[in-house]
Amino acid sequence: MKRILKTFALAALMLAAPAMIQAANKPGTFTTGNKTFLLNGEPFIVKAAEVHYPRIPRPYWEHRIKMCKALGMNAVCIYIFWNIHEQREGQFDFTGNNDVAEFCRIAQKNGLYVIVRPGPYVCAEWEMGGLPWWLLKKKDIRLRERDPYFMERVKIFEEKVGEQLKPLTIQNGGPIIMIQVENEYGSYGEDKPYVSEIRDCLKRIYSPTPDPNSPTAGGAGGGADGAVLLFQCDWSSNFEKNGLDDLTWTMNFGTGANIDQQFRRLGELRPNAPKMCSEFWSGWFDKWGARHETRPAKDMVEGMDEMLSKGISFSLYMTHGGTSFGHWAGANSPGFAPDVTSYDYDAPINEYGLATPKFWELRTMMQKYSDKKLPAVPKAPMPIITVPKFELTEFKPLVYGCDSLAKEGGLKTFEEMDFGWGSMMYQTTLPEIPAQSVLTADIHDFAQFFINGKYVGKTDRVKNEKTITLPAVKKGDKLLVIVEGMGRINFGRAIKDFKGIVSDVAITAEVDNHEITWKPQQWTKVRIPDDYNTAFRAFAAPADAQLEQVLAPQGRGYYRGYFNLSKVGDTFLNFETWGKGQVYVNGHAMGRIWSIGPQQTLYVPGCWLKKGKNEVIVLDVVGPKEAVVWGQAEPELNKLQLEKSNKHNNIGDKPDLNSATPVSVSGGLPTGTATLKPGNGWQTITFAAPQKGRYLAIECLSTQKDGDRAAIAELYLQGTDGKRLSREPWKTKYASSEDEAGNHLGDKVFDLQESTYWQTERGVQAPHLLVIDLGSVQTVKALEYLPRAEQGAPGSIKNFKIYLY
């Protein structure tokens, strides 16, 4: 009988959706009921497709929306990127590709509802997580906290968004059914008063009455009294930190996750609440210098099938990722791991809008939950074309991109120079300094050093490089530092990410058996914006031989060339012979390039090309091996060109633990061997006494299931106060085995992402050793361990030893 009732209920849900969509443009309601959402009072399962309008050319918006509908989706989910709408303080832009209201209207036109996630923080592997860079002009600002200035600007922005979107809520006949409060705040901190203030701001804006004290989303159900339903999302491990009583709670997790485990605690706290996975991760994002990320289609489809069979709503993140055009790609943390331009995400709809094998597998499954045949898959708006190899013959040195502002005096960051994106030149005059002196500085992000125009070295924040060795310097020699800022960190506490030279520059040398340090105090600073207008102006500037002699290092600058088309179409311009920088096609900022890969091509939408002559400008801050480009029919997203492997297998970094004493663990054996429990979820290993050390070594002796490759998703250390120590300075020092092909390297255990993991290579026998540099000596009393999130927690550690030294 129960099975019959369940089948009947699911059938009713499937039949409800089309009927509700037909009622578009009439005022309606979306609320929570007993274990389900209610659309106009009827049970409703949300099947949402996450897509981001700024990552899709506007002429392609409708095609991508139709592709989502052809998958069987009944809604789209969107972030609102604050920093693309307010690129300068007080200057708002909701036009063109920023016309979010029009995107919502197109969704409604095609029978889809909309879930809006207006931040203010969004993450999304987007520059600074969506927060505007100009907030950092106030150096002491507290981001994502109740800092007066931050909250003032947040409320102004949210009101501007509300002007665009409030008329489009379902209560006003529009497609918007849910609005999110903040975003995954449990991964940032614990601050219910701050989250409450964001909630109150959104309540006031989207309330059906002008009275700010009127009742709105009441109780855990929300959406009462005609107000739009407000919800918050987090991970199952941290949602209680900031969960508010009057908001609907949703969980975020990835393909392969143990779904019952993910909703277990929510079910205990709110047994009658609807369940929703507000981000079901279809794939993952790519970082410069690491292999392209993929996730099995089978895991994604089976997970979504399971959720639908249990009446669980979802939003598939991403259904279509698109492209982080221009300088909008962000960076991950701890450390600094900048994201590539492509946001393909291994999603069912690829970066250029076409169906992948994942799409067809998912569509077949989704058909089971529709009483009608799913809509036909729409034809691509443009064909794929190729472009023969052509050379970029015009060149102007980088110095011609400098704007009119030049400042003398001490060092300043980009933000102190009222500068958001691009590069800066810093120049100073040096005293006489002997050879083999060491220059030290903390520079964000990629710095090149020149003396009298001759290249002498670089530092790369990705590699945590902060020093170079200098040749002998004569008094009066000019030191030039060219700093390229990459995307600001978009996740974790490090989002307060200043660009440029962020510390003193110190030059240390040994003179007559004494160590002497020089810290230049007088610097000339000039900005080089990374936009098309700057590149165009550089080519129009008259030649200046004197300027070039001092500030024009060879090969670094602007390159321009052209190609002709008899027909337009989407293509993928290949830049694997180039160095590092930005690309502009017909005035459109296409994105960042970097020879290290894995991305070697840039997606160029045909809607931005034209018959006849097309212009390509490359801003290359390093200089190309060969200044040629060609357009190919497929993207290249997985070609690394690294100086050395990413593996942490330098034998010189392997510690000798033969005579070392393992940490004594409560409940462990006298030999130091301890045992973990099988299954999903966090476990805490308490030490018999606090231990001191800079390096943490975990020796994995066996796994819970014989034959498994060892894996760890996340690790934390607790200080003597029981609080988690900061992992910002952590680095992987050594790993006896790492699955490099799958990007399962040692740094995955402290990347703030519970769905990624370190994993040993296939066929390598235990014991396995992972060593982490904590950055400084720490006093530790416990270790927190998280296995993989999938059913059965594959690769879970069983017996192990811990060392601190």
# chains A, B, ... in the order shown; residues from 1 in each chain; ligands from 1
call {"tool": "residues_around", "arguments": {"residues": "range 636-641 of chain A", "least_positions_apart": "2", "cutoff": "7 Å", "atoms": "only C-alpha atoms", "output": "compact mmCIF listing (two decimals) with C-alpha atoms, in the first residue's frame"}}
result
# COMPACT_ATOMS: atom_id res chain seq x y z
CA GLY A 289 48.43 24.37 -13.52
CA ARG A 291 44.40 18.90 -14.90
CA HIS A 292 40.87 19.39 -16.20
CA SER A 595 50.80 28.75 -21.18
CA ILE A 596 50.94 26.37 -18.18
CA GLY A 597 47.37 25.19 -18.98
CA PRO A 598 45.33 23.09 -18.69
CA GLN A 599 43.24 25.47 -20.85
CA GLN A 600 44.97 26.37 -24.11
CA THR A 601 42.00 27.66 -26.15
CA GLU A 634 37.05 21.73 -30.29
CA GLU A 643 58.16 23.02 -15.77
call {"tool": "residues_around", "arguments": {"residues": "Gly243 in chain A", "least_positions_apart": "4", "cutoff": "9 Å", "atoms": "only C-alpha atoms", "output": "PDB file with N, CA and C atoms, in the first residue's frame"}}
result
ATOM      1  N   GLY A 186      28.396  29.002   6.499  1.00  0.00           N
ATOM      2  CA  GLY A 186      29.077  28.108   7.431  1.00  0.00           C
ATOM      3  C   GLY A 186      30.502  27.798   7.032  1.00  0.00           C
ATOM      4  N   LYS A 192      25.283  34.558  13.253  1.00  0.00           N
ATOM      5  CA  LYS A 192      23.844  34.630  12.994  1.00  0.00           C
ATOM      6  C   LYS A 192      23.330  36.071  12.945  1.00  0.00           C
ATOM      7  N   VAL A 195      23.921  37.183   9.331  1.00  0.00           N
ATOM      8  CA  VAL A 195      23.011  36.515   8.405  1.00  0.00           C
ATOM      9  C   VAL A 195      21.589  37.035   8.597  1.00  0.00           C
ATOM     10  N   GLN A 232      18.193  29.518   2.875  1.00  0.00           N
ATOM     11  CA  GLN A 232      19.644  29.590   2.978  1.00  0.00           C
ATOM     12  C   GLN A 232      20.225  28.214   2.703  1.00  0.00           C
ATOM     13  N   CYS A 233      21.433  28.199   2.153  1.00  0.00           N
ATOM     14  CA  CYS A 233      22.085  26.933   1.815  1.00  0.00           C
ATOM     15  C   CYS A 233      23.397  26.807   2.554  1.00  0.00           C
ATOM     16  N   ASP A 234      23.794  25.585   2.818  1.00  0.00           N
ATOM     17  CA  ASP A 234      25.072  25.287   3.445  1.00  0.00           C
ATOM     18  C   ASP A 234      25.364  23.817   3.272  1.00  0.00           C
ATOM     19  N   PHE A 239      25.571  23.515   8.541  1.00  0.00           N
ATOM     20  CA  PHE A 239      24.399  24.381   8.346  1.00  0.00           C
ATOM     21  C   PHE A 239      23.800  24.862   9.661  1.00  0.00           C
ATOM     22  N   LEU A 247      13.822  30.609   8.128  1.00  0.00           N
ATOM     23  CA  LEU A 247      14.239  30.389   6.750  1.00  0.00           C
ATOM     24  C   LEU A 247      14.160  28.905   6.404  1.00  0.00           C
ATOM     25  N   THR A 248      13.916  28.625   5.146  1.00  0.00           N
ATOM     26  CA  THR A 248      13.976  27.255   4.661  1.00  0.00           C
ATOM     27  C   THR A 248      15.446  26.864   4.506  1.00  0.00           C
ATOM     28  N   TRP A 249      15.789  25.654   4.954  1.00  0.00           N
ATOM     29  CA  TRP A 249      17.175  25.193   4.903  1.00  0.00           C
ATOM     30  C   TRP A 249      17.358  24.213   3.757  1.00  0.00           C
TER      31      TRP A 249
END
call {"tool": "closest_residue", "arguments": {"among": "A:Gly492, A:Gly41, A:Gly587, A:Pro378", "to": "Tyr532 in chain A", "atoms": "only C-alpha atoms"}}
result
A:Gly587
call {"tool": "atom_distance", "arguments": {"atom1": "CA of Lys407 in chain A", "atom2": "CA of Ile495 in chain A"}}
result
27.0 Å
call {"tool": "residues_around", "arguments": {"residues": "Val550 in chain A", "least_positions_apart": "3", "cutoff": "8 Å", "atoms": "only C-alpha atoms", "output": "PyMOL selection string"}}
result
chain A and resi 452-453+546-547+553
call {"tool": "closest_residue", "arguments": {"among": "A:Lys801, A:Tyr734, A:Thr571, A:Tyr369", "to": "Ser664 in chain A", "atoms": "only C-alpha atoms"}}
result
A:Lys801
